[in-house]
file run14.txt (compact mmCIF, C-alpha atoms and all ligand atoms)
# COMPACT_ATOMS: atom_id res chain seq x y z
CA MET A 19 110.25 79.35 100.14
CA ILE A 20 108.32 82.55 100.63
CA LYS A 21 105.54 82.42 103.15
CA LYS A 22 102.33 83.84 101.72
CA GLY A 23 101.69 87.43 102.68
CA ASP A 24 105.07 87.43 104.36
CA ILE A 25 106.25 90.86 105.27
CA ASP A 26 109.99 90.18 105.45
CA SER A 27 110.48 90.24 101.70
CA PHE A 28 108.72 93.60 101.40
CA ASP A 29 110.72 94.99 104.25
CA LYS A 30 114.01 93.99 102.63
CA ASN A 31 112.98 95.54 99.31
CA TRP A 32 111.94 98.78 101.01
CA LYS A 33 115.39 98.95 102.59
CA ILE A 34 117.56 98.35 99.53
CA ARG A 35 116.02 100.44 96.78
CA LYS A 36 116.58 104.15 96.73
CA GLU A 37 113.54 104.82 94.54
CA ALA A 38 111.47 103.44 97.41
CA GLN A 39 111.97 106.87 99.00
CA TYR A 40 109.88 108.97 96.63
CA THR A 41 106.14 109.32 96.28
CA HIS A 42 104.21 108.68 93.09
CA TRP A 43 101.87 111.52 94.03
CA VAL A 44 102.32 114.82 92.21
CA LYS A 45 100.33 118.02 92.40
CA GLY A 46 100.71 119.19 88.80
CA GLU A 47 101.02 117.18 85.60
CA PRO A 48 102.44 113.65 85.99
CA GLN A 49 106.07 113.56 84.86
CA ASN A 50 106.59 109.81 84.67
CA GLN A 51 104.64 106.62 84.04
CA ILE A 52 104.13 105.76 87.68
CA GLN A 53 102.87 109.20 88.55
CA LEU A 54 100.51 108.91 85.57
CA ALA A 55 99.29 105.55 86.88
CA PHE A 56 98.55 106.93 90.36
CA ARG A 57 96.83 109.99 88.88
CA ASN A 58 94.51 107.65 87.01
CA HIS A 59 93.93 105.46 90.06
CA TRP A 60 92.90 108.64 91.87
CA THR A 61 90.51 109.95 89.22
CA LEU A 62 88.96 106.48 88.92
CA PHE A 63 88.53 106.19 92.71
CA ASN A 64 86.86 109.61 92.61
CA GLU A 65 84.33 108.33 90.11
CA LEU A 66 83.46 105.45 92.43
CA MET A 67 83.02 107.94 95.26
CA GLN A 68 80.30 109.69 93.23
CA ASN A 69 78.00 106.68 93.71
CA THR A 70 74.83 107.74 95.52
CA LEU A 71 75.25 104.87 97.99
CA PHE A 72 78.53 106.27 99.25
CA ASN A 73 78.02 108.04 102.58
CA LYS A 74 80.35 110.92 101.56
CA GLY A 75 82.30 110.64 104.81
CA LYS A 76 85.95 111.67 104.92
CA ARG A 77 87.57 109.00 107.13
CA VAL A 78 89.84 106.92 104.91
CA LEU A 79 92.24 104.06 105.59
CA GLU A 80 94.89 102.63 103.26
CA VAL A 81 95.91 99.10 104.28
CA GLY A 82 99.40 98.01 103.19
CA CYS A 83 100.12 101.65 102.41
CA GLY A 84 103.80 101.41 101.45
CA ARG A 85 104.79 104.98 100.68
CA GLY A 86 101.11 105.92 100.58
CA SER A 87 101.12 107.47 97.12
CA LEU A 88 97.35 107.28 96.70
CA SER A 89 96.79 108.40 100.27
CA CYS A 90 98.74 111.56 99.37
CA TYR A 91 95.93 112.33 96.91
CA PHE A 92 93.29 111.80 99.60
CA SER A 93 95.20 113.89 102.13
CA ASN A 94 95.73 116.68 99.60
CA THR A 95 91.95 116.72 99.06
CA ALA A 96 91.21 117.20 102.79
CA TYR A 97 90.33 113.60 103.60
CA ASP A 98 91.06 112.42 107.10
CA CYS A 99 93.73 109.81 106.31
CA THR A 100 95.12 106.85 108.21
CA LEU A 101 97.88 104.71 106.70
CA LEU A 102 98.73 101.23 107.96
CA ASP A 103 101.58 98.90 107.00
CA LYS A 104 103.30 95.98 108.67
CA SER A 105 106.75 97.27 107.70
CA GLU A 106 108.06 99.78 110.23
CA LYS A 107 110.65 100.86 107.69
CA VAL A 108 108.07 101.89 105.11
CA ILE A 109 105.90 103.62 107.71
CA ASP A 110 108.94 105.79 108.49
CA ILE A 111 109.43 106.48 104.78
CA ALA A 112 105.73 107.40 104.37
CA LYS A 113 105.86 109.73 107.38
CA THR A 114 108.85 111.57 105.87
CA ILE A 115 107.17 111.83 102.47
CA PHE A 116 103.99 113.29 104.00
CA LYS A 117 105.96 115.71 106.17
CA ASN A 118 108.11 116.91 103.26
CA ASN A 119 104.97 117.54 101.21
CA LYS A 120 103.07 119.19 104.08
CA LEU A 121 100.36 116.52 104.01
CA ASN A 122 98.54 115.32 107.14
CA ALA A 123 97.82 111.72 108.13
CA GLU A 124 97.96 109.20 110.96
CA PHE A 125 100.48 106.35 110.57
CA ILE A 126 100.14 102.93 112.15
CA THR A 127 102.38 99.88 112.06
CA GLY A 128 99.96 96.95 112.05
CA ASP A 129 98.82 93.72 110.44
CA ALA A 130 96.16 93.56 107.71
CA ASN A 131 94.98 90.28 109.27
CA LYS A 132 94.10 91.98 112.55
CA LEU A 133 93.37 95.66 112.04
CA PRO A 134 93.68 97.68 115.25
CA PHE A 135 90.41 99.58 114.75
CA ASP A 136 86.85 99.31 116.09
CA ASP A 137 83.99 98.29 113.81
CA LYS A 138 82.63 101.08 111.59
CA THR A 139 85.60 103.45 112.01
CA PHE A 140 86.07 104.43 108.34
CA ASP A 141 84.07 105.67 105.33
CA ILE A 142 86.58 104.40 102.75
CA VAL A 143 88.96 101.47 103.16
CA PHE A 144 91.25 100.61 100.29
CA SER A 145 94.41 98.74 99.39
CA ILE A 146 96.69 98.94 96.38
CA GLY A 147 98.78 95.91 95.53
CA LEU A 148 98.22 94.16 98.85
CA LEU A 149 95.71 91.31 98.69
CA GLU A 150 97.38 89.33 95.88
CA HIS A 151 100.24 88.65 98.30
CA PHE A 152 97.99 86.63 100.64
CA GLU A 153 97.21 82.98 100.10
CA ASP A 154 94.11 83.41 102.25
CA ILE A 155 92.38 86.67 101.32
CA GLU A 156 89.33 86.11 103.55
CA LYS A 157 90.81 87.44 106.76
CA PRO A 158 92.38 90.66 105.45
CA MET A 159 89.25 91.39 103.38
CA GLN A 160 86.85 90.71 106.26
CA GLU A 161 88.89 92.94 108.51
CA GLN A 162 88.64 95.82 106.04
CA MET A 163 84.90 95.38 105.64
CA ARG A 164 84.39 95.09 109.41
CA ILE A 165 85.85 98.53 110.08
CA LEU A 166 83.77 100.23 107.35
CA ASP A 167 80.81 102.34 108.43
CA ALA A 168 77.35 102.07 106.80
CA GLY A 169 77.46 103.34 103.21
CA GLY A 170 81.25 103.08 103.31
CA LEU A 171 83.24 102.18 100.21
CA PHE A 172 85.58 99.19 100.01
CA ILE A 173 88.08 99.18 97.12
CA ALA A 174 90.80 96.65 96.43
CA TYR A 175 93.27 97.26 93.61
CA VAL A 176 94.83 93.90 92.83
CA VAL A 177 97.86 93.15 90.66
CA PRO A 178 97.53 89.46 89.79
CA LYS A 179 100.12 87.26 88.18
CA TYR A 180 98.73 87.30 84.61
CA GLU A 181 101.06 86.35 81.79
CA ASN A 182 98.92 87.62 78.93
CA ASN A 183 98.12 91.17 79.87
CA VAL A 184 99.01 94.35 77.98
CA GLN A 185 102.63 94.06 79.13
CA LYS A 186 103.37 90.94 77.13
CA ASP A 187 103.85 92.72 73.77
CA PHE A 188 106.31 95.15 75.32
CA LEU A 189 108.58 92.77 77.20
CA TRP A 190 111.14 92.83 74.42
CA ILE A 191 111.56 96.59 74.77
CA ASN A 192 112.12 96.19 78.48
CA GLU A 193 114.69 93.44 77.88
CA ILE A 194 116.65 95.79 75.60
CA LEU A 195 116.44 98.64 78.12
CA LYS A 196 117.61 96.29 80.84
CA ALA A 197 120.57 95.14 78.77
CA TYR A 198 121.68 98.76 78.26
CA SER A 199 121.00 99.90 81.80
CA LYS A 200 123.73 100.03 84.40
CA ASN A 201 121.32 100.98 87.18
CA ASP A 202 119.52 97.85 87.79
CA ASN A 203 122.00 95.04 88.07
CA THR A 204 123.42 95.89 91.44
CA VAL A 205 120.78 94.62 93.88
CA GLU A 206 118.92 91.33 93.88
CA LYS A 207 115.32 91.97 94.80
CA GLU A 208 113.45 89.63 97.10
CA LYS A 209 110.90 87.52 95.27
CA ILE A 210 107.39 87.92 96.64
CA TYR A 211 104.42 85.56 96.34
CA ARG A 212 101.70 86.80 93.97
CA SER A 213 98.44 84.98 93.31
CA ASP A 214 96.83 84.55 89.89
CA ASP A 215 93.26 84.63 91.26
CA ASN A 216 90.84 86.75 89.26
CA SER A 217 88.17 89.11 90.60
CA GLU A 218 85.61 86.30 91.12
CA LYS A 219 87.36 85.04 94.20
CA TYR A 220 87.43 88.53 95.74
CA ILE A 221 83.80 89.16 94.84
CA SER A 222 82.69 85.95 96.54
CA VAL A 223 84.28 87.11 99.81
CA MET A 224 82.51 90.47 99.43
CA ASN A 225 79.20 88.72 98.77
CA ASN A 226 79.62 86.54 101.84
CA TYR A 227 80.17 89.65 103.89
CA GLY A 228 77.01 91.25 102.50
CA LEU A 229 78.41 94.24 100.65
CA LYS A 230 76.04 95.78 98.07
CA GLU A 231 76.56 97.13 94.54
CA ILE A 232 79.62 94.93 94.17
CA ASN A 233 81.51 95.56 90.97
CA SER A 234 84.83 94.89 89.29
CA GLY A 235 86.86 95.93 86.28
CA GLY A 236 90.24 95.55 84.66
CA VAL A 237 92.44 98.62 85.08
CA TYR A 238 95.71 100.06 83.82
CA PRO A 239 95.45 99.32 80.08
CA LEU A 240 99.00 100.50 79.36
CA PRO A 241 102.40 98.82 79.55
CA MET A 242 105.23 99.86 81.85
CA ILE A 243 108.24 100.78 79.73
CA SER A 244 111.18 100.39 82.08
CA HIS A 245 114.46 98.55 82.59
CA SER A 246 112.83 97.13 85.69
CA ILE A 247 109.09 96.69 85.52
CA GLU A 248 109.01 94.88 88.80
CA PHE A 249 108.36 96.44 92.17
CA PRO A 250 109.69 98.96 92.97
CA PHE A 251 109.67 100.25 89.41
CA SER A 252 112.73 102.04 88.06
CA LEU A 253 112.38 105.17 86.04
CA MET A 254 114.05 106.09 82.78
CA PRO A 255 115.71 109.46 82.09
CA ASP A 256 113.32 112.38 82.66
CA ASP A 257 112.92 113.26 78.97
CA SER A 258 112.06 109.70 78.02
CA GLU A 259 109.53 109.42 80.83
CA LYS A 260 107.89 112.68 79.81
CA ALA A 261 107.70 111.61 76.16
CA ILE A 262 106.03 108.33 77.15
CA VAL A 263 103.60 110.13 79.46
CA ASN A 264 102.59 112.50 76.63
CA HIS A 265 102.02 109.58 74.33
CA PHE A 266 100.06 107.61 76.94
CA ASN A 267 97.90 110.64 77.71
CA LYS A 268 96.89 110.77 74.04
CA ILE A 269 96.00 107.08 74.13
CA LEU A 270 93.89 107.59 77.26
CA LYS A 271 92.06 110.53 75.67
CA THR A 272 91.19 108.40 72.67
CA ARG A 273 90.07 105.51 74.89
CA LYS A 274 87.75 107.82 76.77
CA LYS A 275 86.17 109.04 73.54
CA GLN A 276 85.78 105.51 72.22
CA THR A 277 84.45 103.79 75.35
CA GLY A 278 82.64 106.65 77.11
CA LYS A 279 84.07 105.26 80.35
CA HIS A 280 86.95 106.17 82.58
CA PRO A 281 89.92 105.42 80.29
CA TRP A 282 91.78 103.55 83.02
CA LEU A 283 89.10 100.81 82.90
CA CYS A 284 89.54 97.89 80.52
CA ASP A 285 88.90 94.16 80.23
CA GLU A 286 90.16 92.14 83.14
CA GLY A 287 93.12 90.09 81.96
CA PHE A 288 94.19 92.83 79.53
CA GLY A 289 95.05 95.46 82.14
CA GLN A 290 98.00 95.34 84.50
CA ALA A 291 95.56 95.06 87.43
CA PHE A 292 91.89 94.86 88.38
CA ILE A 293 89.77 96.51 91.02
CA VAL A 294 86.82 95.24 93.01
CA TRP A 295 84.57 97.55 94.95
CA GLY A 296 81.35 97.60 96.93
CA PHE A 297 79.43 99.44 99.65
CA LYS A 298 78.75 98.46 103.24
CA LYS A 299 75.06 97.95 104.02
C1 LIG B 1 103.15 96.22 96.76
S1 LIG B 1 103.24 97.14 98.23
C2 LIG B 1 102.02 98.36 97.91
C3 LIG B 1 102.30 99.65 98.59
C4 LIG B 1 101.33 100.79 98.37
N1 LIG B 1 99.96 100.42 98.62
C5 LIG B 1 101.46 101.43 97.03
O1 LIG B 1 100.44 101.79 96.46
O2 LIG B 1 102.57 101.65 96.53
C6 LIG B 1 102.44 96.11 99.45
C7 LIG B 1 102.56 96.64 100.86
O3 LIG B 1 101.82 95.77 101.72
C8 LIG B 1 102.53 95.65 102.95
N2 LIG B 1 102.11 94.41 103.62
C9 LIG B 1 102.37 93.13 103.29
N3 LIG B 1 101.80 92.27 104.16
C10 LIG B 1 101.14 93.04 105.08
C11 LIG B 1 100.35 92.75 106.22
N4 LIG B 1 100.12 91.49 106.62
N5 LIG B 1 99.81 93.78 106.90
C12 LIG B 1 100.02 95.06 106.52
N6 LIG B 1 100.79 95.41 105.45
C13 LIG B 1 101.33 94.41 104.73
C14 LIG B 1 103.99 95.66 102.54
O4 LIG B 1 104.86 96.02 103.58
C15 LIG B 1 103.99 96.67 101.41
O5 LIG B 1 104.29 97.96 101.87
call {"tool": "encode", "arguments": {"input": "run14.txt", "output": "C-alpha cells"}}
result
Amino acid sequence: MIKKGDIDSFDKNWKIRKEAQYTHWVKGEPQNQIQLAFRNHWTLFNELMQNTLFNKGKRVLEVGCGRGSLSCYFSNTAYDCTLLDKSEKVIDIAKTIFKNNKLNAEFITGDANKLPFDDKTFDIVFSIGLLEHFEDIEKPMQEQMRILDAGGLFIAYVVPKYENNVQKDFLWINEILKAYSKNDNTVEKEKIYRSDDNSEKYISVMNNYGLKEINSGGVYPLPMISHSIEFPFSLMPDDSEKAIVNHFNKILKTRKKQTGKHPWLCDEGFGQAFIVWGFKK
C-alpha cells in the first residue's frame, strides 16, 4: 500500500531510470515531445506573469522540483531560482543538470508540507506534477501560499488520474510501441498514488487562503506517443520524436488561430493536466 504523498516511491524511480538524468529544458527548438510540453508550460506561465496584479519580482521557487526542467527556463531568463525536493537523489541530479548547462539556482532538500522559508520570501511559487500525489492538499498548498509575497503568483500544474482525456484514443498506438520495444521491459516502476480530484478542490483551498484572481484551465491538449507514457516518460528514436514534434507544432498553431488563446489551454478533462493559479493579496 502506497502512503499518500510518499517520497520513497519517487526516490526509487529516480534511481532506476536512466532517462531521469536529462532535462526537458532546451534552448533552441524542442526535439522531442517532452521538451515540447515543457516549452509550452513555459510560454503559458509567461502569459500568466503578464497579469497586472503580478508584482514582477524575480524570486521563484519550484516545490517538488525533480530535475527542475521548468526551473531551467526561469534560470535561463535571469530569475532568482530556488528548487526544493524531498528526494536527495533527485536534488543531486538537478544540481548536475544545472551545472552542466551553466544555469544558476539554489537547491534544497525539504518537505512540501513544511517549507523551510519565512513568510513572503518568493514572488512566484509553483509546482509541476506534485500536488496530485497528496491525499491532503491543504498543507502543501497553504505552505506555498504562506511564503508568497504580496502580488506574488501561485501556480499548480496538476496531472490528475483522468481516464477520458486526450490520451485515451491513442492508447492502442502506445500498446503496439510497447510490444515492439525492448527498452522498457527491464525495470518495474514503483506505483505512485495519484488523485482524481479536479480543479474545484484546489480552488477552494486557494479561496480559503484569500488569493485573488483565482483561475484554472485544462492544459496539454495532445497525447504522449511513447512505449512508456508513464513517469518518467521514455523517448522514441530521434527521427520519430522530431516528426511528432513537427506535427504537434502544426496542431498547436491551428489551435491558436481557432481559439485566440494560448494553444496549450483546453477544456479540463480533455487535457493531460490542468493548472490553477492566483495572486497573493
Ligand atoms: C512527478 S515529479 C515532478 C518533478 C518535476 N516538478 C518535473 O516537472 O518534472 C514529483 C516530485 O515531487 C517530489 N515530492 C514528492 N513528495 C514530496 C514532498 N512531500 N516534498 C517535496 N517533494 C516531494 C518527488 O520527489 C518528485 O521529484
call {"tool": "closest_atom_pairs", "arguments": {"input": "run14.txt", "of": "chain A", "to": "ligand LIG 1 (chain B)", "cutoff": "9 Å", "atoms": "all atoms listed in the file", "output": "JSON lines"}}
result
{"residue": "A:Lys22", "atom": "CA", "partner": "B:LIG1", "partner_atom": "N3", "distance": 8.8}
{"residue": "A:Gly23", "atom": "CA", "partner": "B:LIG1", "partner_atom": "N3", "distance": 5.1}
{"residue": "A:Asp24", "atom": "CA", "partner": "B:LIG1", "partner_atom": "N3", "distance": 5.8}
{"residue": "A:Ile25", "atom": "CA", "partner": "B:LIG1", "partner_atom": "N3", "distance": 4.8}
{"residue": "A:Asp26", "atom": "CA", "partner": "B:LIG1", "partner_atom": "O4", "distance": 8.0}
{"residue": "A:Ser27", "atom": "CA", "partner": "B:LIG1", "partner_atom": "O4", "distance": 8.3}
{"residue": "A:Phe28", "atom": "CA", "partner": "B:LIG1", "partner_atom": "O4", "distance": 5.1}
{"residue": "A:Asp29", "atom": "CA", "partner": "B:LIG1", "partner_atom": "O4", "distance": 6.0}
{"residue": "A:Trp32", "atom": "CA", "partner": "B:LIG1", "partner_atom": "O5", "distance": 7.7}
{"residue": "A:Thr41", "atom": "CA", "partner": "B:LIG1", "partner_atom": "O2", "distance": 8.5}
{"residue": "A:His42", "atom": "CA", "partner": "B:LIG1", "partner_atom": "O2", "distance": 8.0}
{"residue": "A:Phe56", "atom": "CA", "partner": "B:LIG1", "partner_atom": "O1", "distance": 8.2}
{"residue": "A:Glu80", "atom": "CA", "partner": "B:LIG1", "partner_atom": "N1", "distance": 7.2}
{"residue": "A:Val81", "atom": "CA", "partner": "B:LIG1", "partner_atom": "C12", "distance": 6.2}
{"residue": "A:Gly82", "atom": "CA", "partner": "B:LIG1", "partner_atom": "O3", "distance": 3.6}
{"residue": "A:Cys83", "atom": "CA", "partner": "B:LIG1", "partner_atom": "N1", "distance": 4.0}
{"residue": "A:Gly84", "atom": "CA", "partner": "B:LIG1", "partner_atom": "O5", "distance": 3.5}
{"residue": "A:Arg85", "atom": "CA", "partner": "B:LIG1", "partner_atom": "O2", "distance": 5.8}
{"residue": "A:Gly86", "atom": "CA", "partner": "B:LIG1", "partner_atom": "C4", "distance": 5.6}
{"residue": "A:Ser87", "atom": "CA", "partner": "B:LIG1", "partner_atom": "O1", "distance": 5.8}
{"residue": "A:Leu88", "atom": "CA", "partner": "B:LIG1", "partner_atom": "O1", "distance": 6.3}
{"residue": "A:Ser89", "atom": "CA", "partner": "B:LIG1", "partner_atom": "O1", "distance": 8.5}
{"residue": "A:Leu102", "atom": "CA", "partner": "B:LIG1", "partner_atom": "C12", "distance": 6.5}
{"residue": "A:Asp103", "atom": "CA", "partner": "B:LIG1", "partner_atom": "N6", "distance": 3.9}
{"residue": "A:Lys104", "atom": "CA", "partner": "B:LIG1", "partner_atom": "C12", "distance": 4.0}
{"residue": "A:Ser105", "atom": "CA", "partner": "B:LIG1", "partner_atom": "O4", "distance": 4.7}
{"residue": "A:Glu106", "atom": "CA", "partner": "B:LIG1", "partner_atom": "O4", "distance": 8.3}
{"residue": "A:Lys107", "atom": "CA", "partner": "B:LIG1", "partner_atom": "O4", "distance": 8.6}
{"residue": "A:Val108", "atom": "CA", "partner": "B:LIG1", "partner_atom": "O5", "distance": 6.3}
{"residue": "A:Ile109", "atom": "CA", "partner": "B:LIG1", "partner_atom": "O5", "distance": 8.3}
{"residue": "A:Thr127", "atom": "CA", "partner": "B:LIG1", "partner_atom": "C12", "distance": 7.7}
{"residue": "A:Gly128", "atom": "CA", "partner": "B:LIG1", "partner_atom": "C12", "distance": 5.8}
{"residue": "A:Asp129", "atom": "CA", "partner": "B:LIG1", "partner_atom": "N5", "distance": 3.7}
{"residue": "A:Ala130", "atom": "CA", "partner": "B:LIG1", "partner_atom": "N5", "distance": 3.7}
{"residue": "A:Asn131", "atom": "CA", "partner": "B:LIG1", "partner_atom": "N4", "distance": 5.9}
{"residue": "A:Lys132", "atom": "CA", "partner": "B:LIG1", "partner_atom": "N5", "distance": 8.2}
{"residue": "A:Leu133", "atom": "CA", "partner": "B:LIG1", "partner_atom": "N5", "distance": 8.5}
{"residue": "A:Phe144", "atom": "CA", "partner": "B:LIG1", "partner_atom": "N1", "distance": 8.9}
{"residue": "A:Ser145", "atom": "CA", "partner": "B:LIG1", "partner_atom": "N1", "distance": 5.8}
{"residue": "A:Ile146", "atom": "CA", "partner": "B:LIG1", "partner_atom": "N1", "distance": 4.2}
{"residue": "A:Gly147", "atom": "CA", "partner": "B:LIG1", "partner_atom": "C1", "distance": 4.6}
{"residue": "A:Leu148", "atom": "CA", "partner": "B:LIG1", "partner_atom": "C6", "distance": 4.7}
{"residue": "A:Leu149", "atom": "CA", "partner": "B:LIG1", "partner_atom": "O3", "distance": 8.1}
{"residue": "A:His151", "atom": "CA", "partner": "B:LIG1", "partner_atom": "C9", "distance": 7.0}
{"residue": "A:Phe152", "atom": "CA", "partner": "B:LIG1", "partner_atom": "N3", "distance": 7.7}
{"residue": "A:Pro158", "atom": "CA", "partner": "B:LIG1", "partner_atom": "N4", "distance": 7.9}
{"residue": "A:Tyr175", "atom": "CA", "partner": "B:LIG1", "partner_atom": "N1", "distance": 8.9}
{"residue": "A:Val177", "atom": "CA", "partner": "B:LIG1", "partner_atom": "C1", "distance": 8.6}
{"residue": "A:Phe249", "atom": "CA", "partner": "B:LIG1", "partner_atom": "C1", "distance": 6.9}
{"residue": "A:Pro250", "atom": "CA", "partner": "B:LIG1", "partner_atom": "C1", "distance": 8.0}
call {"tool": "closest_residue", "arguments": {"input": "run14.txt", "among": "A:Gln160, A:Ser258, A:Asn64, A:Gln49", "to": "A:Ser244", "atoms": "all atoms listed in the file"}}
result
A:Ser258
call {"tool": "residues_around", "arguments": {"input": "run14.txt", "residues": "A:Leu54", "least_positions_apart": "3", "cutoff": "9 Å", "atoms": "all atoms listed in the file", "output": "PyMOL selection string"}}
result
chain A and resi 42-43+47-51+57-59+263+266-267
call {"tool": "residues_around", "arguments": {"input": "run14.txt", "residues": "stretch 224-230 of chain A", "least_positions_apart": "3", "cutoff": "8 Å", "atoms": "all atoms listed in the file", "output": "list in words"}}
result
Met159, Gln160, Met163, Tyr220, Ile221, Gly296, Phe297, Lys298 and Lys299 of chain A
call {"tool": "residues_near_point", "arguments": {"input": "run14.txt", "point": "(95.6, 119.4, 104.7)", "cutoff": "6 Å", "atoms": "only C-alpha atoms", "output": "NGL selection string"}}
result
:A and (94 or 96 or 121-122)
